[in-house]
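Here the structure is laid out as structure tokens; the discussion comes afterwards.
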Amino acid sequence: YIVKDLVPDLTLFFKQHKSIEPYLKNDNPPEKGEYLQSQEERKKLDGLYECILCACCSTSCPSYWWNQDVYLGPAALLHAYRWIADSRDSYGADRKEKLQNTFSLYRCHTILNCSRTCPKGLEPGTAIARIKLEMATN
């Protein structure tokens, strides 16, 4: 939707982002201090947390063009995988369960326009493929 000239209405985009609960969820706080990660665990998050929510990936995705009311789109799914992959988050199974339907995740047909258009060089298509793989193997 266009608001005026080149000002898009990103209300739905941000609503979808909010729906994946983009924050740490853990019912077992550390005894003292902060949640710790090994360097290997932290390295798994590289390329996932740098997203600036510019919507370039989502607006370049044909699946998002035709199903944006039900398909979450590359940006939201990149962020969903960021929290699924985070060793400090204990709600990975719940996060995957919310994506287990025919539209939220599985409308991605790996055309990879999202990865080609990302100004930060991130790869939402790879994150989506990893979610699908984890869901198929668990």
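Residues in the structure tokens are numbered from 1 in each chain, the chains being A, B, ... in the order shown, and ligands are numbered from 1 in the order shown.
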> Where does DSSP see alpha helix (DSSP H) in chain A, if you list the residues as a PyMOL selection string?
Replying inline: chain A and resi 11-19+39-43+56-59+62-67+74-84+92-99+113-117+124-137
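Around Ser115 (chain A), within 9 Å and counting only C-alpha atoms, the residues found are A:Cys57, A:Pro74, A:Leu112, A:Asn113, A:Thr117, A:Cys118, A:Gly121, A:Leu122, A:Glu123, A:Pro124, A:Gly125, A:Thr126, once anything fewer than 2 positions away on its own chain is removed.
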Write the residues you've just listed into a file as a PDB file, in the first residue's frame, and include all heavy atoms for each of them.
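Generated file (out_2.pdb):
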```pdb
ATOM      1  N   CYS A  57      13.703  -6.966   1.309  1.00  0.00           N
ATOM      2  CA  CYS A  57      13.560  -8.398   1.033  1.00  0.00           C
ATOM      3  C   CYS A  57      12.100  -8.782   0.859  1.00  0.00           C
ATOM      4  O   CYS A  57      11.742  -9.504  -0.085  1.00  0.00           O
ATOM      5  CB  CYS A  57      14.211  -9.234   2.122  1.00  0.00           C
ATOM      6  SG  CYS A  57      13.525  -8.981   3.774  1.00  0.00           S
ATOM      7  N   PRO A  74      10.170 -12.657   4.195  1.00  0.00           N
ATOM      8  CA  PRO A  74      11.569 -12.926   4.534  1.00  0.00           C
ATOM      9  C   PRO A  74      12.095 -12.211   5.773  1.00  0.00           C
ATOM     10  O   PRO A  74      12.816 -12.814   6.570  1.00  0.00           O
ATOM     11  CB  PRO A  74      12.334 -12.470   3.285  1.00  0.00           C
ATOM     12  CG  PRO A  74      11.337 -12.471   2.195  1.00  0.00           C
ATOM     13  CD  PRO A  74      10.016 -12.176   2.821  1.00  0.00           C
ATOM     14  N   LEU A 112      14.826 -16.531  -3.855  1.00  0.00           N
ATOM     15  CA  LEU A 112      15.971 -15.815  -3.274  1.00  0.00           C
ATOM     16  C   LEU A 112      16.125 -14.371  -3.738  1.00  0.00           C
ATOM     17  O   LEU A 112      17.221 -13.812  -3.650  1.00  0.00           O
ATOM     18  CB  LEU A 112      17.273 -16.602  -3.490  1.00  0.00           C
ATOM     19  CG  LEU A 112      17.305 -17.996  -2.860  1.00  0.00           C
ATOM     20  CD1 LEU A 112      18.644 -18.667  -3.131  1.00  0.00           C
ATOM     21  CD2 LEU A 112      17.025 -17.937  -1.370  1.00  0.00           C
ATOM     22  N   ASN A 113      15.051 -13.746  -4.211  1.00  0.00           N
ATOM     23  CA  ASN A 113      15.112 -12.305  -4.456  1.00  0.00           C
ATOM     24  C   ASN A 113      15.473 -11.573  -3.166  1.00  0.00           C
ATOM     25  O   ASN A 113      16.156 -10.562  -3.183  1.00  0.00           O
ATOM     26  CB  ASN A 113      13.763 -11.774  -4.956  1.00  0.00           C
ATOM     27  CG  ASN A 113      13.505 -12.087  -6.405  1.00  0.00           C
ATOM     28  OD1 ASN A 113      14.353 -12.631  -7.095  1.00  0.00           O
ATOM     29  ND2 ASN A 113      12.315 -11.741  -6.860  1.00  0.00           N
ATOM     30  N   THR A 117      18.440  -8.677  -2.799  1.00  0.00           N
ATOM     31  CA  THR A 117      18.098  -7.260  -2.629  1.00  0.00           C
ATOM     32  C   THR A 117      18.472  -6.690  -1.265  1.00  0.00           C
ATOM     33  O   THR A 117      18.381  -5.484  -1.078  1.00  0.00           O
ATOM     34  CB  THR A 117      16.589  -7.023  -2.847  1.00  0.00           C
ATOM     35  OG1 THR A 117      15.870  -7.798  -1.901  1.00  0.00           O
ATOM     36  CG2 THR A 117      16.183  -7.372  -4.258  1.00  0.00           C
ATOM     37  N   CYS A 118      18.894  -7.500  -0.337  1.00  0.00           N
ATOM     38  CA  CYS A 118      19.217  -7.015   1.004  1.00  0.00           C
ATOM     39  C   CYS A 118      20.396  -6.044   0.963  1.00  0.00           C
ATOM     40  O   CYS A 118      21.491  -6.412   0.536  1.00  0.00           O
ATOM     41  CB  CYS A 118      19.539  -8.173   1.945  1.00  0.00           C
ATOM     42  SG  CYS A 118      19.982  -7.611   3.603  1.00  0.00           S
ATOM     43  N   GLY A 121      23.438  -7.316   2.818  1.00  0.00           N
ATOM     44  CA  GLY A 121      24.060  -8.561   2.376  1.00  0.00           C
ATOM     45  C   GLY A 121      23.639  -9.771   3.201  1.00  0.00           C
ATOM     46  O   GLY A 121      24.329 -10.789   3.205  1.00  0.00           O
ATOM     47  N   LEU A 122      22.503  -9.682   3.895  1.00  0.00           N
ATOM     48  CA  LEU A 122      22.021 -10.802   4.692  1.00  0.00           C
ATOM     49  C   LEU A 122      21.317 -11.813   3.787  1.00  0.00           C
ATOM     50  O   LEU A 122      21.018 -11.509   2.637  1.00  0.00           O
ATOM     51  CB  LEU A 122      21.077 -10.305   5.783  1.00  0.00           C
ATOM     52  CG  LEU A 122      21.638  -9.204   6.685  1.00  0.00           C
ATOM     53  CD1 LEU A 122      20.607  -8.773   7.707  1.00  0.00           C
ATOM     54  CD2 LEU A 122      22.912  -9.662   7.362  1.00  0.00           C
ATOM     55  N   GLU A 123      21.060 -12.986   4.298  1.00  0.00           N
ATOM     56  CA  GLU A 123      20.450 -14.031   3.498  1.00  0.00           C
ATOM     57  C   GLU A 123      19.198 -14.593   4.163  1.00  0.00           C
ATOM     58  O   GLU A 123      19.232 -15.667   4.760  1.00  0.00           O
ATOM     59  CB  GLU A 123      21.469 -15.132   3.231  1.00  0.00           C
ATOM     60  CG  GLU A 123      22.641 -14.650   2.409  1.00  0.00           C
ATOM     61  CD  GLU A 123      23.579 -15.767   1.995  1.00  0.00           C
ATOM     62  OE1 GLU A 123      23.195 -16.945   2.077  1.00  0.00           O
ATOM     63  OE2 GLU A 123      24.689 -15.436   1.592  1.00  0.00           O
ATOM     64  N   PRO A 124      18.080 -13.889   4.025  1.00  0.00           N
ATOM     65  CA  PRO A 124      16.834 -14.383   4.608  1.00  0.00           C
ATOM     66  C   PRO A 124      16.434 -15.740   4.033  1.00  0.00           C
ATOM     67  O   PRO A 124      15.869 -16.575   4.749  1.00  0.00           O
ATOM     68  CB  PRO A 124      15.797 -13.317   4.249  1.00  0.00           C
ATOM     69  CG  PRO A 124      16.568 -12.129   3.830  1.00  0.00           C
ATOM     70  CD  PRO A 124      17.908 -12.595   3.401  1.00  0.00           C
ATOM     71  N   GLY A 125      16.714 -15.982   2.763  1.00  0.00           N
ATOM     72  CA  GLY A 125      16.374 -17.265   2.140  1.00  0.00           C
ATOM     73  C   GLY A 125      17.060 -18.430   2.829  1.00  0.00           C
ATOM     74  O   GLY A 125      16.464 -19.498   3.010  1.00  0.00           O
ATOM     75  N   THR A 126      18.300 -18.242   3.235  1.00  0.00           N
ATOM     76  CA  THR A 126      19.035 -19.282   3.956  1.00  0.00           C
ATOM     77  C   THR A 126      18.416 -19.517   5.331  1.00  0.00           C
ATOM     78  O   THR A 126      18.277 -20.658   5.768  1.00  0.00           O
ATOM     79  CB  THR A 126      20.521 -18.887   4.096  1.00  0.00           C
ATOM     80  OG1 THR A 126      21.068 -18.680   2.793  1.00  0.00           O
ATOM     81  CG2 THR A 126      21.317 -19.949   4.817  1.00  0.00           C
TER      82      THR A 126
END
```
Could you give me, as a tab-separated table (two decimals) with N, CA and C atoms, in the first residue's frame, each residue of chain A that DSSP assigns to strand (DSSP E or B) when run on this structure's backbone?
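Result file selection.tsv:
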```
chain	number	residue	atom	x	y	z
A	2	ILE	N	0.44	2.25	-0.72
A	2	ILE	CA	1.19	3.50	-0.80
A	2	ILE	C	0.41	4.58	-0.04
A	3	VAL	N	1.10	5.29	0.82
A	3	VAL	CA	0.48	6.37	1.59
A	3	VAL	C	0.49	7.64	0.75
A	4	LYS	N	1.67	8.02	0.25
A	4	LYS	CA	1.83	9.22	-0.55
A	4	LYS	C	3.15	9.11	-1.30
A	7	VAL	N	6.01	6.83	-0.16
A	7	VAL	CA	5.90	6.50	1.26
A	7	VAL	C	4.98	5.28	1.39
A	8	PRO	N	5.55	4.12	1.62
A	8	PRO	CA	4.71	2.92	1.74
A	8	PRO	C	4.11	2.78	3.14
```
Report the closest atom pair, with its distance in Å rounded to one decimal, for each residue of region 65-130 of chain A that has an atom no farther than 12 Å from region 28-36 of chain A; count only C-alpha atoms, sort by chain and then rising residue number, and write it as a Markdown table.
```
| residue | atom | partner | partner_atom | distance |
| --- | --- | --- | --- | --- |
| A:Asp86 | CA | A:Tyr35 | CA | 11.0 |
| A:Ser87 | CA | A:Leu36 | CA | 9.0 |
| A:Arg88 | CA | A:Tyr35 | CA | 6.4 |
| A:Asp89 | CA | A:Tyr35 | CA | 9.5 |
| A:Ser90 | CA | A:Asn28 | CA | 8.3 |
| A:Tyr91 | CA | A:Asn28 | CA | 11.1 |
```
Keeping N, CA and C atoms, export the residues of the selection given above as a compact mmCIF listing (two decimals), in the first residue's frame.
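Result file is part02.txt:
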```
# COMPACT_ATOMS: atom_id res chain seq x y z
N ASP A 86 19.07 -18.89 18.76
CA ASP A 86 19.73 -18.32 19.93
C ASP A 86 19.71 -19.32 21.09
N SER A 87 20.87 -19.70 21.56
CA SER A 87 20.99 -20.69 22.64
C SER A 87 20.42 -20.19 23.97
N ARG A 88 20.28 -18.91 24.12
CA ARG A 88 19.75 -18.35 25.38
C ARG A 88 18.23 -18.39 25.44
N ASP A 89 17.59 -18.58 24.29
CA ASP A 89 16.13 -18.57 24.22
C ASP A 89 15.61 -19.98 24.44
N SER A 90 14.64 -20.13 25.33
CA SER A 90 14.12 -21.47 25.64
C SER A 90 12.77 -21.74 24.98
N TYR A 91 12.34 -20.90 24.09
CA TYR A 91 11.03 -21.05 23.44
C TYR A 91 11.15 -21.42 21.96
```
> Counting only C-alpha atoms, which of A:Cys108, A:Ala85, A:Cys114, A:Leu77 gets nearest to Ser63 (chain A)?
Replying inline: A:Cys108
> Within 12 Å of Tyr23 (chain A), counting only C-alpha atoms, which residues qualify if same-chain residues fewer than 3 places away don't, as a ChimeraX atom specification?
Replying inline: /A:17-20,26,49,79-84,86,88-92,95
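With only C-alpha atoms as the basis for measurement, A:Cys56 is the residue among A:Leu99, A:Ile128, A:Asp69, A:Cys56 that approaches Arg116 (chain A) most closely.
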> Any idea what the distance is between CA of Trp65 (chain A) and CA of Leu45 (chain A)?
Replying inline: 28.0 Å
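Restricting the calculation to only C-alpha atoms, the smallest distance between Leu133 (chain A) and any of A:Leu6, A:Leu105, A:Leu24, A:Leu48 is found for A:Leu105.
Going from CA of Lys25 (chain A) over to CA of Ser104 (chain A), you cover 20.5 Å.
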>> Given only C-alpha atoms as the basis, pick out the residue of A:Leu72, A:Tyr64, A:Thr59, A:Ser38 nearest to Gln16 (chain A).
In response: A:Leu72
>> Report as a VMD selection string all protein, DNA and RNA residues lying within 12 Å of Gln100 (chain A), evaluated on only C-alpha atoms, omitting residues in the same chain fewer than 6 positions from it.
In response: chain A and resid 71 93 to 94 106 to 107 131 to 132 134 to 136
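Proximity ranking of A:Ala55, A:Thr102, A:Gln37, A:Asp9 relative to Asn67 (chain A) places A:Thr102 first, based on only C-alpha atoms.
In this structure, CA of Ile52 (chain A) sits 20.6 Å away from CA of Arg130 (chain A).
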